[in-house]
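A.B. asks: Shown below is the structure under consideration.
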Amino acid sequence: MYTWKPTDDYVDNANVTRLARAHGIGSIDELRARSVADIGWYWDAVVQDLGLPFRRPYSDVVDTTAGIEHPDWFPGGALNIADACLGRWVSEAPERAAVVHEAEDGTTRTLTFRELEEQVERVAAGLHGLGVGRGDAVGLYLPMNPEAVIACYAVARLGAVLVPLFSGFAPAAIAARLQDADAKVVIVADGTVRRRREVAMKSLLDEAVETCPTVQHVVLVGNLGAAPETSTGRDVRWSELPGGRTGPAEAMSTTETLLLAYTSGTTGRPKGAVHTHAGFLVKTASEVAYAFDVGPGGVFCWVTDMGWIMGPLSIFGTHANGATLLLYEGSPDVPGNDRLWQLTERHRVTMLGVSPTLIRSLRTGQEPAHERYDLSSVHALGSTGEPWDPDSYEWLAGTVFDGKVPIINFSGGTEVGGSFLSPYPVEPIRSCSLGGPSLGMDVDVVDDAGRSVRGQVGELVCCQPWPAMTRGVWKDDARYLEEYWSTFPGMWRHGDFALVEDGQWYIRGRSDDVMNIAGKRLAPAEVEAVLTAHPSVSEAAAVGVPDPKKGESVWAFWVPAAGAGGDVSDQLREMVAQELGKPFAPNAVHRVGQLPKTRSAKILRRAIRAVALDQDPGDLSGAENVEAIDEIRKATDG
């Protein structure tokens with residue numbers, strides 16, 4: 001079922017159409033093929049089409065002399081991402097809104113490009129006065145507020161290294177990342193507000209920093225009050241940073257580090273993906289321009305967190321294209337399930353990023369809240385991080401937006417710096433589909449022998465490098481090579497199971513989550529799709545547990561929808577047997593109040609499986625709702 005068929009007008013005016021026509025290319029399929037036939041041509045074409053300013057031109061686009069695992073992108077060039085995202089627009093449109101922030105209580109703040117640049121220069125001067133310079137790591141433990149954006153550009157302007165941290169981390173998780181990065185300074189908010197409650201942040205950081213000897217200063221942002229209380233001699237208030245001027249932004253080599261993006265992790269030392277000024281700029285700018293069709297005058301909004309890759313991607317990708325970034329700080333269902341639609345109408349959002357989990361919760365509300373709001377400004381919808389179920393996808397696409405807005409459901413990761421797979425708004429899009437390979441991404445689906453397969457589930461791989469490919473795991477190149485390049489020689493193995501069927505691409509879950517039932521591989525998403533089709537189920541998780549006869553058997557956990565009646569576990573078991581076959585019917589089906597997830601809505605299946613087996617669930621620092629683990633434990637104990 002196609003949920004989106006673009007109009008001629010949409011196609012004619014799309015950014016990706018402009019790019020294709022400039023090179024005599026007539027279709028998105030032809031552009032996809034050309035973009036991987038010559039990756040150097042494509043990524044250079046992106047730089048030229050989007051007018052991304054390099055301070056010193058590059059001598060080549062990509063150099064793979066050191067091997068596909070260690071490419072150099074745009075060698076010989078120099079730039080600073082702060083210049084590329086702000087300087088151009090300060091000259092062309094200084095009074096255009098660069099950042100709009102809305103808090104949970106409805107208060108708003110706006111910074112124009114001129115005002116944002118002025119604040120960036122002030123904070124960069126202050127950080128410089130604290131001794132921050134080129135190559136120094138600066139941690140950001142902030143909610144999605146304007147100071148987070150200012151801090152990103154101020155750190156980048158100095159040539160220092162950004163270390164964004166998830167705003168829900170506990171002290172041990174914060175400390176592990178600051179220690180790994182050798183952070184010199186940390187910028188922290190006194191707290192944030194979530195579900196009408198003040199959530200302290202500074203006290204957590206203070207505890208973490210006690211075990212971080214490299215941290216010399218803590219810059220304290222008054223997010224809850226104008227004059228936050230300092231607690232140690234290393235504290236400096238954001239409003240009292242030392243003055244002065246730093247001069248022009250540092251001219252950074254294209255391969256110098258911009259940020260360390262830490263994955264939510266499992267056990268052991270955190271894994272820091274290394275992103276560069278040039279690579280991250282070019283990839284994120286292309287995502288926002290071509291997949292989400294955003295340009296000058298657009299308003300980009302994605303409910304996310306600085307600690308996930310979508311935080312930095314939203315900031316740099318939006319501003320590289322001269323658009324307005326709308327930040328929402330709080331819960332998207334407070335005070336009611338109409339908050340997202342209210343936010344969209346008030347700020348005339350053109351690109352709205354949502355998660356399937358959020359849409360499922362809005363869909364099960366007591367009234368169709370979206371009907372009360374004017375959502376006509378929305379030009380594209382974005383989604384990433386977890387699989388869709390058809391009912392929720394089609395409700396959003398068809399019921400809420402009447403088939404007039406494409407859902408750009410894309411898949412990539414922290415180490416990717418963007419997407420591997422993405423539909424484009426100039427092509428028909430099927431329900432729940434990821435469309436096809438993102439432009440410039442030479443991806444494939446292969447079997448255990450590395451052979452390309454279609455019509456069956458296999459491993460998602462990439463056969464050529466791309467600009468935002470991590471330059472390694474911070475301080476651990478051996479770990480980088482082992483995790484991504486050791487399974488299939490010459491291919492990046494991402495750890496996702498994927499399926500290509502009738503020309504459409506689908507993700508079927510993490511390959512390390514896969515279940516082996518009587519010799520057949522079964523992805524959790526296949527079981528979960530059946531479970532969530534039941535009207536009493538709002539979300540579900542499936543995991544594999546050891547079984548003496550079948551090797552593994554399926555255990556399923558489901559959360560009831562609003563207004564659901566009694567326990568339907570037996571019905572769910574029978575539905576899976578009918579849809580997937582009797583061997584795959586769950587041996588155990590448990591009703592629970594919630595599933596453990598990250599704030600980006602990824603279900604923590606490995607933690608669920610560990611608890612079900614009475615094992616240590618490992619690192620839960622990225623969990624949004626750790627208390628859900630106890631619900632799993634109680635369900636399985638019973």
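Each chain in the structure tokens gets a letter, A, B and so on, in the order shown; residues start at 1 in every chain, and ligands are counted from 1 in the order they appear.
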Give me, as CSV, each residue of segment 409-516 of chain A that comes within 12 Å of segment 253-257 of chain A, together with its shortest interatomic pair and the distance in Å at one decimal, counting only C-alpha atoms, with rows ordered by chain and rising residue number.
C.D. replies:
```
residue,atom,partner,partner_atom,distance
A:Pro467,CA,A:Thr255,CA,9.9
A:Ala468,CA,A:Thr255,CA,10.5
A:Met469,CA,A:Thr255,CA,11.4
A:Thr470,CA,A:Thr257,CA,10.0
A:Arg471,CA,A:Thr255,CA,8.7
A:Gly472,CA,A:Thr257,CA,11.0
A:Trp474,CA,A:Thr257,CA,10.4
```
A.B. asks: I need the chosen residues saved as an mmCIF file, in the first residue's frame, with C-alpha atoms.
C.D. replies:
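And here's out06.cif as it stands now:
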```cif
data_model
loop_
_atom_site.group_PDB
_atom_site.id
_atom_site.type_symbol
_atom_site.label_atom_id
_atom_site.label_comp_id
_atom_site.auth_asym_id
_atom_site.auth_seq_id
_atom_site.Cartn_x
_atom_site.Cartn_y
_atom_site.Cartn_z
ATOM 1 C CA PRO A 467 31.693 11.636 4.588
ATOM 2 C CA ALA A 468 30.155 11.238 8.077
ATOM 3 C CA MET A 469 31.417 7.693 8.596
ATOM 4 C CA THR A 470 33.042 7.695 12.012
ATOM 5 C CA ARG A 471 36.820 7.968 11.787
ATOM 6 C CA GLY A 472 36.976 5.240 14.382
ATOM 7 C CA TRP A 474 37.756 7.115 20.152
#
```
A.B. asks: As JSON, numbers by chain, please: every residue in segment 192-363 of chain A that DSSP puts in strand (DSSP E or B).
C.D. replies: {"A": [192, 193, 194, 197, 198, 199, 200, 217, 218, 219, 220, 221, 235, 236, 237, 252, 253, 257, 258, 259, 260, 261, 262, 272, 273, 274, 275, 276, 299, 300, 301, 302, 324, 325, 326, 327, 328, 329, 351, 352, 353]}
A.B. asks: Would you save the residues of that selection, restricted to N, CA and C atoms, as a compact mmCIF listing (two decimals), in the first residue's frame?
C.D. replies:
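Everything below was put into out.txt:
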```
# COMPACT_ATOMS: atom_id res chain seq x y z
N THR A 192 16.10 20.84 34.31
CA THR A 192 15.11 20.98 33.25
C THR A 192 13.75 20.62 33.84
N VAL A 193 12.70 20.76 33.05
CA VAL A 193 11.36 20.42 33.50
C VAL A 193 10.81 19.33 32.59
N ARG A 194 10.34 18.27 33.18
CA ARG A 194 9.75 17.17 32.42
C ARG A 194 8.53 16.67 33.18
N ARG A 197 7.65 18.47 36.41
CA ARG A 197 8.55 18.32 37.56
C ARG A 197 9.94 18.85 37.20
N GLU A 198 10.53 19.56 38.14
CA GLU A 198 11.91 19.99 37.95
C GLU A 198 12.83 18.79 38.12
N VAL A 199 13.72 18.61 37.16
CA VAL A 199 14.66 17.50 37.17
C VAL A 199 16.07 18.09 37.30
N ALA A 200 16.71 17.82 38.42
CA ALA A 200 18.05 18.38 38.67
C ALA A 200 19.08 17.77 37.72
N HIS A 217 36.82 23.13 34.78
CA HIS A 217 35.77 24.12 34.99
C HIS A 217 34.42 23.52 34.63
N VAL A 218 33.38 23.99 35.34
CA VAL A 218 32.00 23.66 35.03
C VAL A 218 31.26 24.97 34.78
N VAL A 219 30.68 25.11 33.60
CA VAL A 219 29.93 26.31 33.25
C VAL A 219 28.46 26.02 33.50
N LEU A 220 27.85 26.82 34.36
CA LEU A 220 26.50 26.54 34.85
C LEU A 220 25.47 27.46 34.19
N VAL A 221 24.53 26.86 33.47
CA VAL A 221 23.45 27.58 32.79
C VAL A 221 22.23 27.62 33.71
N ASP A 235 33.11 26.09 39.48
CA ASP A 235 31.89 26.54 38.81
C ASP A 235 32.02 27.98 38.32
N VAL A 236 31.53 28.21 37.09
CA VAL A 236 31.43 29.55 36.52
C VAL A 236 30.04 29.68 35.92
N ARG A 237 29.31 30.72 36.27
CA ARG A 237 27.99 30.92 35.68
C ARG A 237 28.12 31.30 34.20
N MET A 252 39.65 24.79 10.45
CA MET A 252 39.91 23.40 10.80
C MET A 252 40.19 22.57 9.55
N SER A 253 41.20 21.75 9.63
CA SER A 253 41.40 20.75 8.59
C SER A 253 40.13 19.91 8.48
N THR A 257 38.57 16.64 14.38
CA THR A 257 37.39 16.17 15.10
C THR A 257 36.47 17.32 15.50
N LEU A 258 35.20 17.18 15.21
CA LEU A 258 34.15 18.11 15.63
C LEU A 258 33.49 17.63 16.91
N LEU A 259 33.10 16.34 16.94
CA LEU A 259 32.37 15.84 18.11
C LEU A 259 32.60 14.36 18.32
N LEU A 260 32.45 13.96 19.56
CA LEU A 260 32.44 12.55 19.93
C LEU A 260 31.00 12.21 20.30
N ALA A 261 30.40 11.33 19.51
CA ALA A 261 29.02 10.93 19.75
C ALA A 261 29.03 9.54 20.37
N TYR A 262 28.69 9.47 21.63
CA TYR A 262 28.73 8.19 22.34
C TYR A 262 27.43 7.44 22.15
N GLY A 272 32.82 5.87 21.62
CA GLY A 272 32.71 7.22 21.07
C GLY A 272 32.95 7.25 19.58
N ALA A 273 31.92 7.60 18.81
CA ALA A 273 32.07 7.76 17.37
C ALA A 273 32.67 9.13 17.08
N VAL A 274 33.64 9.17 16.17
CA VAL A 274 34.41 10.38 15.90
C VAL A 274 33.90 11.03 14.62
N HIS A 275 33.35 12.25 14.73
CA HIS A 275 32.85 12.97 13.56
C HIS A 275 33.64 14.25 13.33
N THR A 276 33.81 14.60 12.06
CA THR A 276 34.65 15.72 11.66
C THR A 276 33.83 16.92 11.20
N VAL A 299 10.92 25.44 8.81
CA VAL A 299 10.98 25.30 10.27
C VAL A 299 11.10 23.81 10.59
N PHE A 300 12.23 23.44 11.13
CA PHE A 300 12.56 22.04 11.40
C PHE A 300 12.39 21.76 12.89
N CYS A 301 11.60 20.74 13.23
CA CYS A 301 11.36 20.39 14.63
C CYS A 301 11.44 18.88 14.80
N TRP A 302 12.31 18.44 15.69
CA TRP A 302 12.43 17.02 16.01
C TRP A 302 12.54 16.91 17.52
N THR A 324 14.96 27.54 10.20
CA THR A 324 14.74 27.80 11.62
C THR A 324 14.63 26.48 12.37
N LEU A 325 15.35 26.37 13.48
CA LEU A 325 15.30 25.18 14.32
C LEU A 325 14.35 25.44 15.48
N LEU A 326 13.30 24.64 15.59
CA LEU A 326 12.37 24.73 16.71
C LEU A 326 12.74 23.67 17.73
N LEU A 327 13.05 24.12 18.96
CA LEU A 327 13.37 23.22 20.06
C LEU A 327 12.19 23.13 21.01
N TYR A 328 11.85 21.91 21.40
CA TYR A 328 10.83 21.74 22.42
C TYR A 328 11.48 21.04 23.61
N GLU A 329 11.38 21.65 24.78
CA GLU A 329 11.97 21.11 25.99
C GLU A 329 10.86 20.67 26.94
N MET A 351 8.82 20.74 8.86
CA MET A 351 9.33 19.37 8.95
C MET A 351 9.22 18.93 10.41
N LEU A 352 8.37 17.94 10.64
CA LEU A 352 8.07 17.48 11.99
C LEU A 352 8.60 16.07 12.18
N GLY A 353 9.54 15.91 13.12
CA GLY A 353 10.10 14.60 13.42
C GLY A 353 9.38 13.96 14.59
```
A.B. asks: Counting only C-alpha atoms, which residues of segment 100-209 of chain A sit at most 7 Å from some atom of segment 603-622 of chain A, and what is each one's closest atom pair with its distance in Å to one decimal, listed by chain and rising residue number, as a tab-separated table?
C.D. replies:
```
residue	atom	partner	partner_atom	distance
A:Phe169	CA	A:Ser621	CA	5.5
A:Ala170	CA	A:Ser621	CA	6.2
A:Ala173	CA	A:Ser621	CA	5.6
```
A.B. asks: Distance table requested - segment 118-174 of chain A against segment 94-113 of chain A, cut-off 9 Å, only C-alpha atoms: one row per qualifying residue with the closest atom pair and its distance in Å to one decimal, ordered by chain and rising residue number, as a Markdown table.
C.D. replies:
```
| residue | atom | partner | partner_atom | distance |
| --- | --- | --- | --- | --- |
| A:Glu118 | CA | A:Phe113 | CA | 8.6 |
| A:Met144 | CA | A:His101 | CA | 8.3 |
| A:Asn145 | CA | A:His101 | CA | 6.3 |
| A:Pro146 | CA | A:His101 | CA | 6.6 |
| A:Val149 | CA | A:Val99 | CA | 8.2 |
```
A.B. asks: Write out as JSON, numbers by chain which residues come within 9 Å of Arg55 of chain A when counting only C-alpha atoms, dropping same-chain ones fewer than 2 positions away.
C.D. replies: {"A": [53, 57, 77, 78, 79, 80, 83, 251, 252]}
A.B. asks: For the selection just defined, write its residues with N, CA and C atoms to a file, as a compact mmCIF listing (two decimals), in the first residue's frame.
C.D. replies:
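Result file part_33.txt:
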```txt
# COMPACT_ATOMS: atom_id res chain seq x y z
N PRO A 53 30.29 26.50 2.46
CA PRO A 53 31.52 27.28 2.29
C PRO A 53 32.75 26.65 2.93
N PRO A 57 39.71 25.51 -0.44
CA PRO A 57 39.14 24.44 -1.25
C PRO A 57 39.89 23.13 -1.06
N GLY A 77 41.38 20.61 2.25
CA GLY A 77 40.43 21.68 2.51
C GLY A 77 40.47 22.14 3.96
N ALA A 78 39.85 23.28 4.21
CA ALA A 78 39.72 23.81 5.57
C ALA A 78 38.39 24.53 5.69
N LEU A 79 37.77 24.44 6.86
CA LEU A 79 36.51 25.11 7.14
C LEU A 79 36.26 25.04 8.62
N ASN A 80 35.23 25.71 9.06
CA ASN A 80 34.73 25.55 10.43
C ASN A 80 33.23 25.46 10.34
N ASP A 83 31.20 28.61 10.97
CA ASP A 83 31.15 29.53 9.83
C ASP A 83 30.12 29.06 8.81
N ALA A 251 40.26 27.85 11.54
CA ALA A 251 40.20 27.14 10.26
C ALA A 251 40.62 25.69 10.50
N MET A 252 39.65 24.79 10.45
CA MET A 252 39.91 23.40 10.80
C MET A 252 40.19 22.57 9.55
```
A.B. asks: Could you jot down the atom CA of Leu205 of chain A to atom CA of Ser355 of chain A separation for me, Å, one decimal place?
C.D. replies: 28.6 Å
A.B. asks: Do you know which residues are at most 8 Å from Glu579 of chain A counting only C-alpha atoms, after dropping those on the same chain fewer than 3 positions away, and could you put them as number ranges by chain?
C.D. replies: A: 530, 575-576
A.B. asks: Between A:Glu386, A:Ala137, A:Glu526, A:Thr364, which one has atoms that come closest to Ala561 of chain A, using only C-alpha atoms?
C.D. replies: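 Using only C-alpha atoms, Ala561 of chain A sits closest to A:Thr364.
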A.B. asks: Would you mind listing what lies within 12 Å of Phe497 of chain A as a PyMOL selection string, with only C-alpha atoms counted and same-chain residues fewer than 3 positions away left out?
C.D. replies: chain A and resi 387+411+444-448+453+456-461+493-494+500+505-515+521-526
A.B. asks: Measuring between only C-alpha atoms, which one of A:Gly413, A:Glu539, A:His23, A:Val46 shows the shortest distance to Lys597 of chain A?
C.D. replies: A:Glu539
A.B. asks: Between atom CA of Leu86 of chain A and atom CA of Pro332 of chain A, what is the distance in Å, rounded to a tenth?
C.D. replies: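 The value is 28.7 Å.
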A.B. asks: Using only C-alpha atoms, which of the listed residues (A:Gly307, A:Gly24, A:Pro6, A:Gly490) sits closest to His70 of chain A?
C.D. replies: A:Gly490
A.B. asks: When you look at Leu358 of chain A with a cut-off of 9 Å (counting only C-alpha atoms), what residues show up, excluding the ones that are within fewer than 4 positions of it in the same chain? I need them as a list in words.
C.D. replies: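 Near Leu358 of chain A, the qualifying residues are Pro332, Asp333, Val354, Leu362, Arg363 and Ala601 of chain A.
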